[in-house]
file coords26.cif (mmCIF, C-alpha atoms)
data_protein
loop_
_atom_site.label_atom_id
_atom_site.label_comp_id
_atom_site.auth_asym_id
_atom_site.auth_seq_id
_atom_site.Cartn_x
_atom_site.Cartn_y
_atom_site.Cartn_z
CA GLN A 1 250.76 -56.20 44.66
CA THR A 2 251.96 -52.61 44.05
CA CYS A 3 248.49 -51.29 44.88
CA ALA A 4 247.83 -53.76 47.70
CA LEU A 5 250.46 -52.27 50.01
CA PRO A 6 249.04 -48.70 49.95
CA ILE A 7 245.53 -50.07 50.41
CA TYR A 8 246.72 -52.02 53.44
CA ALA A 9 248.45 -48.95 54.87
CA TYR A 10 245.43 -46.69 54.33
CA ASN A 11 243.08 -49.23 55.89
CA LYS A 12 245.39 -49.50 58.88
CA ALA A 13 245.28 -45.72 59.24
CA LEU A 14 241.49 -45.80 59.08
CA ALA A 15 241.40 -48.45 61.77
CA VAL A 16 243.19 -46.02 64.03
CA ASP A 17 241.19 -42.96 62.92
CA PRO A 18 237.96 -43.73 60.94
CA SER A 19 237.52 -40.02 60.20
CA ASN A 20 240.86 -39.74 58.37
CA ASP A 21 239.70 -38.25 55.05
CA GLN A 22 243.13 -38.49 53.48
CA ALA A 23 243.21 -42.22 54.15
CA LYS A 24 239.72 -42.64 52.70
CA VAL A 25 240.75 -40.88 49.49
CA GLY A 26 243.93 -42.93 49.39
CA VAL A 27 242.04 -46.22 49.73
CA GLN A 28 239.71 -45.24 46.88
CA ALA A 29 242.52 -44.11 44.62
CA ALA A 30 244.61 -47.21 45.27
CA THR A 31 241.59 -49.48 44.77
CA ASN A 32 240.80 -47.82 41.45
CA ALA A 33 244.42 -48.18 40.37
CA GLN A 34 244.33 -51.86 41.31
CA LYS A 35 241.17 -52.36 39.22
CA ASP A 36 242.73 -50.55 36.26
CA THR A 37 245.77 -52.80 36.48
CA ILE A 38 243.62 -55.94 36.51
CA VAL A 39 241.56 -54.69 33.55
CA ALA A 40 244.61 -53.82 31.47
CA GLU A 41 246.43 -57.07 32.22
CA LYS A 42 243.46 -59.38 31.75
CA TYR A 43 242.16 -57.63 28.63
CA GLY A 44 245.62 -57.78 27.07
CA SER A 45 246.17 -61.44 27.95
CA GLY A 46 242.63 -62.27 26.76
CA GLY A 47 243.37 -60.74 23.38
CA ALA A 48 246.65 -62.63 23.11
CA LYS A 49 244.98 -65.92 24.00
CA PHE A 50 242.23 -65.31 21.46
CA LYS A 51 244.81 -64.76 18.71
CA ALA A 52 246.58 -67.95 19.78
CA GLY A 53 243.34 -69.95 19.54
CA ASP A 54 243.04 -70.43 23.31
CA TYR A 55 239.39 -69.40 23.41
CA ASP A 56 238.67 -70.85 26.84
CA GLY A 57 241.59 -68.89 28.26
CA ALA A 58 240.40 -65.75 26.51
CA ILE A 59 236.90 -66.22 27.91
CA ALA A 60 238.27 -66.59 31.45
CA ASP A 61 240.30 -63.38 31.11
CA PHE A 62 237.47 -61.34 29.61
CA LEU A 63 235.13 -62.56 32.36
CA ALA A 64 237.70 -61.41 34.90
CA VAL A 65 237.66 -57.95 33.29
CA LEU A 66 233.87 -57.85 33.43
CA LYS A 67 233.90 -58.64 37.15
CA VAL A 68 235.73 -55.36 37.60
CA ASN A 69 234.04 -53.42 34.80
CA PRO A 70 230.76 -55.18 33.90
CA ASN A 71 229.56 -52.49 31.49
CA ASP A 72 232.55 -52.29 29.17
CA PRO A 73 231.14 -52.85 25.66
CA ASP A 74 234.50 -53.69 24.08
CA THR A 75 235.12 -56.46 26.59
CA LEU A 76 231.60 -57.80 26.06
CA PHE A 77 232.25 -57.80 22.31
CA SER A 78 235.56 -59.61 22.74
CA LEU A 79 233.90 -62.15 25.02
CA GLY A 80 231.20 -62.68 22.40
CA ALA A 81 233.83 -63.20 19.71
CA SER A 82 235.53 -65.81 21.90
CA TYR A 83 232.26 -67.68 22.39
CA GLN A 84 231.54 -67.49 18.68
CA ALA A 85 234.97 -68.93 17.86
CA LYS A 86 233.90 -71.95 19.93
CA LYS A 87 230.59 -72.07 18.03
CA ASP A 88 228.74 -71.20 21.22
CA PHE A 89 226.42 -68.88 19.35
CA ASP A 90 223.84 -68.46 22.11
CA ASN A 91 226.38 -66.96 24.52
CA ALA A 92 227.96 -64.96 21.71
CA ILE A 93 224.58 -63.46 20.85
CA LYS A 94 223.96 -62.53 24.50
CA CYS A 95 227.31 -60.75 24.71
CA TYR A 96 226.78 -58.84 21.46
CA GLN A 97 223.30 -57.83 22.60
CA GLN A 98 224.70 -56.51 25.89
CA ALA A 99 227.45 -54.62 24.07
CA LEU A 100 224.87 -53.06 21.73
CA ALA A 101 222.64 -52.07 24.62
CA ILE A 102 225.55 -50.04 26.01
CA ASN A 103 226.74 -48.71 22.63
CA PRO A 104 223.80 -48.94 20.19
CA LYS A 105 225.58 -46.90 17.50
CA SER A 106 228.40 -49.41 16.97
CA GLN A 107 228.16 -50.89 13.49
CA GLN A 108 230.79 -53.45 14.45
CA PHE A 109 228.56 -54.76 17.23
CA LYS A 110 225.51 -54.81 14.94
CA ASP A 111 227.39 -56.73 12.24
CA ALA A 112 228.75 -59.21 14.75
CA LEU A 113 225.29 -59.88 16.18
CA GLU A 114 223.80 -60.39 12.74
CA GLN A 115 226.61 -62.74 11.73
CA ALA A 116 226.17 -64.76 14.93
CA TYR A 117 222.49 -65.24 14.10
CA VAL A 118 223.43 -66.34 10.58
CA LYS A 119 226.00 -68.82 11.86
CA LYS A 120 223.53 -70.23 14.38
CA ALA A 121 220.98 -70.80 11.62
CA GLU A 122 223.40 -72.36 9.10
CA PRO A 123 223.25 -76.01 10.28
CA ILE A 124 219.45 -75.84 10.53
CA ILE A 125 219.23 -74.51 6.97
CA ALA A 126 221.69 -77.12 5.69
CA ALA A 127 219.60 -79.92 7.21
CA ALA A 128 216.42 -78.43 5.72
CA VAL A 129 218.02 -78.24 2.27
CA GLU A 130 218.96 -81.92 2.45
CA LYS A 131 215.35 -82.77 3.32
CA HIS A 132 214.19 -80.63 0.43
CA LYS A 133 216.49 -82.52 -1.95
CA ALA A 134 215.14 -85.80 -0.59
CA LYS A 135 211.59 -84.55 -1.31
CA ASP A 136 210.73 -84.44 2.38
CA TYR A 137 208.96 -81.17 1.82
CA ASP A 138 207.20 -81.00 5.16
CA GLY A 139 210.49 -81.60 6.98
CA ALA A 140 212.21 -78.98 4.82
CA ILE A 141 209.50 -76.40 5.50
CA ALA A 142 209.74 -77.09 9.24
CA GLY A 143 213.51 -76.53 9.11
CA TYR A 144 213.24 -73.34 7.09
CA THR A 145 210.59 -72.05 9.49
CA GLN A 146 212.83 -72.83 12.47
CA ALA A 147 215.69 -70.95 10.81
CA LEU A 148 213.41 -67.97 10.20
CA GLN A 149 212.90 -67.67 13.94
CA ILE A 150 216.64 -66.97 14.17
CA THR A 151 217.05 -64.91 10.97
CA PRO A 152 213.58 -63.48 10.29
CA ASN A 153 214.75 -61.18 7.47
CA ASN A 154 216.17 -63.98 5.33
CA ALA A 155 214.34 -63.71 2.01
CA ALA A 156 216.00 -66.84 0.64
CA LEU A 157 214.34 -68.93 3.34
CA TRP A 158 210.90 -67.71 2.27
CA TYR A 159 211.84 -68.55 -1.33
CA ASN A 160 212.83 -72.06 -0.23
CA ILE A 161 209.54 -72.46 1.63
CA ALA A 162 207.70 -71.32 -1.50
CA SER A 163 209.58 -73.87 -3.60
CA ALA A 164 208.72 -76.66 -1.18
CA GLU A 165 205.06 -75.63 -1.05
CA TYR A 166 204.99 -75.49 -4.84
CA ALA A 167 206.42 -79.00 -5.01
CA LYS A 168 203.61 -80.10 -2.69
CA GLN A 169 201.15 -78.43 -5.10
CA GLU A 170 200.15 -76.06 -2.32
CA TYR A 171 200.19 -73.20 -4.79
CA ASN A 172 198.46 -70.52 -2.75
CA ARG A 173 200.81 -71.15 0.17
CA ALA A 174 203.68 -70.95 -2.29
CA LYS A 175 202.38 -67.61 -3.54
CA ASP A 176 202.21 -66.23 -0.01
CA ALA A 177 205.80 -67.30 0.65
CA TYR A 178 207.02 -65.79 -2.63
CA LEU A 179 205.36 -62.51 -1.66
CA LYS A 180 207.10 -62.54 1.72
CA ALA A 181 210.43 -63.13 -0.01
CA LEU A 182 209.75 -60.20 -2.32
CA GLY A 183 208.82 -57.99 0.61
CA LEU A 184 212.21 -58.63 2.21
CA ASP A 185 214.35 -58.45 -0.93
CA PRO A 186 212.52 -56.94 -3.94
CA LYS A 187 215.58 -56.88 -6.19
CA GLY A 188 217.12 -60.20 -5.24
CA GLN A 189 213.79 -62.02 -5.45
CA VAL A 190 212.49 -60.29 -8.61
CA ALA A 191 211.99 -63.65 -10.39
CA ASP A 192 209.26 -64.42 -7.87
CA TRP A 193 206.93 -62.09 -9.77
CA TYR A 194 207.02 -64.48 -12.71
CA LEU A 195 206.44 -67.50 -10.46
CA ILE A 196 203.51 -65.76 -8.77
CA GLY A 197 202.14 -64.91 -12.20
CA ALA A 198 202.31 -68.58 -13.18
CA ILE A 199 200.38 -69.53 -10.04
CA ASP A 200 197.71 -66.92 -10.75
CA GLU A 201 197.44 -68.11 -14.34
CA ASN A 202 197.04 -71.69 -13.13
CA PHE A 203 194.00 -70.58 -11.12
CA ASN A 204 192.65 -68.55 -14.04
CA ARG A 205 193.28 -65.30 -12.21
CA VAL A 206 194.10 -63.63 -15.50
CA PRO A 207 194.27 -59.94 -14.47
CA GLU A 208 196.53 -60.82 -11.54
CA ALA A 209 198.72 -63.01 -13.75
CA LEU A 210 199.09 -60.26 -16.35
CA GLY A 211 199.99 -57.75 -13.67
CA ASN A 212 202.65 -60.02 -12.17
CA TYR A 213 204.19 -60.87 -15.53
CA GLN A 214 204.29 -57.17 -16.27
CA LYS A 215 205.98 -56.41 -12.93
CA TYR A 216 208.59 -59.03 -13.65
CA LEU A 217 209.31 -57.69 -17.15
CA LYS A 218 209.56 -54.14 -15.84
CA GLU A 219 212.09 -55.09 -13.18
CA ALA A 220 213.98 -57.76 -15.17
CA PRO A 221 213.47 -57.19 -18.91
CA THR A 222 216.36 -59.53 -19.73
CA GLY A 223 215.92 -61.87 -16.78
CA THR A 224 215.84 -65.65 -16.73
CA TYR A 225 212.09 -65.78 -17.29
CA ALA A 226 211.82 -62.77 -19.60
CA ALA A 227 211.03 -64.75 -22.74
CA ALA A 228 208.49 -66.93 -20.96
CA ALA A 229 206.87 -63.91 -19.30
CA LYS A 230 206.51 -62.15 -22.67
CA GLU A 231 204.99 -65.26 -24.19
CA ARG A 232 202.46 -65.71 -21.37
CA PHE A 233 201.62 -62.02 -21.32
CA ALA A 234 200.96 -62.03 -25.07
CA PHE A 235 198.86 -65.19 -24.82
CA LEU A 236 196.68 -63.83 -22.00
CA SER A 237 196.30 -60.31 -23.38
#
call {"tool": "encode", "arguments": {"input": "coords26.cif", "output": "structure tokens"}}
result
Amino acid sequence: QTCALPIYAYNKALAVDPSNDQAKVGVQAATNAQKDTIVAEKYGSGGAKFKAGDYDGAIADFLAVLKVNPNDPDTLFSLGASYQAKKDFDNAIKCYQQALAINPKSQQFKDALEQAYVKKAEPIIAAAVEKHKAKDYDGAIAGYTQALQITPNNAALWYNIASAEYAKQEYNRAKDAYLKALGLDPKGQVADWYLIGAIDENFNRVPEALGNYQKYLKEAPTGTYAAAAKERFAFLS
């Protein structure tokens, strides 16, 4: 309202004299001030509503800010956080992606986007795990594969696929999945070298088995399978 009166006055002056440069500058300055006021008020109220758990109200306020300033990365981030709080991960991901496109160096935006992907995949993974436990291996593999489309760098999902393939006695497919898990997380998936070695030994691929047992023992000399790996290595040597 404070800015509306000057805008009205300047526009009235322009109606009388369209070449009035002072009025033109005044209109622009007052309009910018009005936008700044809207941004400050709506961003502040959006933050307050978010803290109070009124996520729909926060979303409405942040959208109002973006109508005035559509390329503000902080507002896009806050809007994404509001969507995520409602478990609307698709819209959250879109907002985080837009914020990152404007400010690609923000670690906060990167972490938020990654976490949104993880949260989106969680129910799919949980359902796949239940199928795995129920020995519905094909259903479990389908679920893990679907989750990988959301979180493609999740080594644990490749390990789960390998375990399901192994249970199906699809040993070569299991080996491929173990290798993919190792490629994504060499340290966290180090035990996979032993499991791959066991698969190779099962197919009488002795040199490969020895090499994989040796890799496991080098990386995890006191690991879970260390004793078994030493025993198999000694037997095959």
call {"tool": "residues_around", "arguments": {"input": "coords26.cif", "residues": "Tyr213 (chain A)", "least_positions_apart": "4", "cutoff": "8 Å", "atoms": "all atoms listed in the file", "output": "ChimeraX atom specification"}}
result
/A:193-194,197,209,217,229-230,232-233
call {"tool": "atom_distance", "arguments": {"input": "coords26.cif", "atom1": "CA of Phe235 (chain A)", "atom2": "CA of Glu201 (chain A)"}}
result
11.0 Å
call {"tool": "atom_distance", "arguments": {"input": "coords26.cif", "atom1": "CA of Ile93 (chain A)", "atom2": "CA of Ala155 (chain A)"}}
result
21.4 Å
call {"tool": "closest_residue", "arguments": {"input": "coords26.cif", "among": "A:Val129, A:Val206, A:Ala181, A:Ile124", "to": "Ala162 (chain A)", "atoms": "all atoms listed in the file"}}
result
A:Ala181
call {"tool": "closest_residue", "arguments": {"input": "coords26.cif", "among": "A:Tyr225, A:Tyr43, A:Tyr144, A:Tyr171", "to": "Asp72 (chain A)", "atoms": "all atoms listed in the file"}}
result
A:Tyr43
call {"tool": "resolve_selection", "arguments": {"input": "coords26.cif", "expression": "the PyMOL selection byres ((chain A and resi 132) around 10)", "output": "ChimeraX atom specification"}}
result
/A:126-131,133-141,143-144,160-161,163-164,167
call {"tool": "atom_distance", "arguments": {"input": "coords26.cif", "atom1": "CA of Ser45 (chain A)", "atom2": "CA of Ala101 (chain A)"}}
result
25.5 Å
call {"tool": "closest_residue", "arguments": {"input": "coords26.cif", "among": "A:Phe77, A:Phe203, A:Tyr166, A:Tyr159", "to": "Gly188 (chain A)", "atoms": "all atoms listed in the file"}}
result
A:Tyr159
call {"tool": "resolve_selection", "arguments": {"input": "coords26.cif", "expression": "the PyMOL selection byres ((chain A and resi 95) around 12)", "output": "ChimeraX atom specification"}}
result
/A:59,62-63,66,70-84,88-94,96-102,109-110,112-113,116
call {"tool": "residues_around", "arguments": {"input": "coords26.cif", "residues": "Gly46 (chain A)", "least_positions_apart": "6", "cutoff": "7 Å", "atoms": "all atoms listed in the file", "output": "PyMOL selection string"}}
result
chain A and resi 57-58+61-62
call {"tool": "closest_residue", "arguments": {"input": "coords26.cif", "among": "A:Lys175, A:Lys180, A:Arg205, A:Lys187", "to": "Leu148 (chain A)", "atoms": "only C-alpha atoms"}}
result
A:Lys180
call {"tool": "resolve_selection", "arguments": {"input": "coords26.cif", "expression": "the PyMOL selection byres ((chain A and resi 191) around 8)", "output": "JSON, numbers by chain"}}
result
{"A": [189, 190, 192, 193, 194, 195, 216, 220, 223, 224, 225]}
call {"tool": "closest_residue", "arguments": {"input": "coords26.cif", "among": "A:Asp54, A:Asp176, A:Asp111, A:Asp185", "to": "Asp200 (chain A)", "atoms": "only C-alpha atoms"}}
result
A:Asp176
call {"tool": "build_atoms", "arguments": {"input": "coords26.cif", "residues": "region 38-58 of chain A", "atoms": "N, CA, C and O atoms", "output": "short mmCIF file (atom, residue, chain, number, x, y, z; two decimals), in the frame of the given file"}}
result
data_model
loop_
_atom_site.label_atom_id
_atom_site.label_comp_id
_atom_site.auth_asym_id
_atom_site.auth_seq_id
_atom_site.Cartn_x
_atom_site.Cartn_y
_atom_site.Cartn_z
N ILE A 38 244.23 -54.64 36.83
CA ILE A 38 243.62 -55.94 36.51
C ILE A 38 242.98 -55.90 35.13
O ILE A 38 243.16 -56.82 34.31
N VAL A 39 242.24 -54.83 34.85
CA VAL A 39 241.56 -54.69 33.55
C VAL A 39 242.57 -54.71 32.41
O VAL A 39 242.41 -55.43 31.42
N ALA A 40 243.61 -53.91 32.54
CA ALA A 40 244.61 -53.82 31.47
C ALA A 40 245.31 -55.16 31.25
O ALA A 40 245.50 -55.60 30.10
N GLU A 41 245.70 -55.80 32.35
CA GLU A 41 246.43 -57.07 32.22
C GLU A 41 245.55 -58.17 31.66
O GLU A 41 245.96 -58.89 30.73
N LYS A 42 244.34 -58.30 32.18
CA LYS A 42 243.46 -59.38 31.75
C LYS A 42 242.94 -59.17 30.33
O LYS A 42 242.78 -60.11 29.56
N TYR A 43 242.64 -57.90 29.99
CA TYR A 43 242.16 -57.63 28.63
C TYR A 43 243.27 -57.93 27.62
O TYR A 43 243.02 -58.53 26.56
N GLY A 44 244.48 -57.52 27.96
CA GLY A 44 245.62 -57.78 27.07
C GLY A 44 245.89 -59.26 26.91
O GLY A 44 246.09 -59.76 25.80
N SER A 45 245.89 -59.99 28.02
CA SER A 45 246.17 -61.44 27.95
C SER A 45 245.02 -62.16 27.26
O SER A 45 245.23 -63.14 26.53
N GLY A 46 243.77 -61.66 27.44
CA GLY A 46 242.63 -62.27 26.76
C GLY A 46 242.75 -62.12 25.26
O GLY A 46 242.48 -63.07 24.50
N GLY A 47 243.17 -60.95 24.82
CA GLY A 47 243.37 -60.74 23.38
C GLY A 47 244.46 -61.63 22.82
O GLY A 47 244.32 -62.19 21.73
N ALA A 48 245.54 -61.77 23.55
CA ALA A 48 246.65 -62.63 23.11
C ALA A 48 246.22 -64.09 23.02
O ALA A 48 246.56 -64.81 22.07
N LYS A 49 245.45 -64.53 24.00
CA LYS A 49 244.98 -65.92 24.00
C LYS A 49 243.99 -66.16 22.86
O LYS A 49 244.00 -67.22 22.24
N PHE A 50 243.16 -65.18 22.58
CA PHE A 50 242.23 -65.31 21.46
C PHE A 50 242.99 -65.49 20.15
O PHE A 50 242.67 -66.38 19.35
N LYS A 51 244.01 -64.67 19.94
CA LYS A 51 244.81 -64.76 18.71
C LYS A 51 245.52 -66.11 18.61
O LYS A 51 245.74 -66.63 17.51
N ALA A 52 245.87 -66.66 19.76
CA ALA A 52 246.58 -67.95 19.78
C ALA A 52 245.63 -69.13 19.68
O ALA A 52 246.07 -70.28 19.63
N GLY A 53 244.33 -68.87 19.65
CA GLY A 53 243.34 -69.95 19.54
C GLY A 53 242.95 -70.56 20.87
O GLY A 53 242.24 -71.57 20.90
N ASP A 54 243.40 -69.95 21.97
CA ASP A 54 243.04 -70.43 23.31
C ASP A 54 241.76 -69.69 23.73
O ASP A 54 241.81 -68.74 24.52
N TYR A 55 240.63 -70.14 23.19
CA TYR A 55 239.39 -69.40 23.41
C TYR A 55 238.86 -69.54 24.84
O TYR A 55 238.31 -68.58 25.38
N ASP A 56 239.09 -70.69 25.45
CA ASP A 56 238.67 -70.85 26.84
C ASP A 56 239.46 -69.91 27.75
O ASP A 56 238.91 -69.30 28.67
N GLY A 57 240.76 -69.80 27.48
CA GLY A 57 241.59 -68.89 28.26
C GLY A 57 241.18 -67.45 28.05
O GLY A 57 241.14 -66.65 29.00
N ALA A 58 240.86 -67.11 26.81
CA ALA A 58 240.40 -65.75 26.51
C ALA A 58 239.10 -65.44 27.24
O ALA A 58 238.92 -64.36 27.81
#
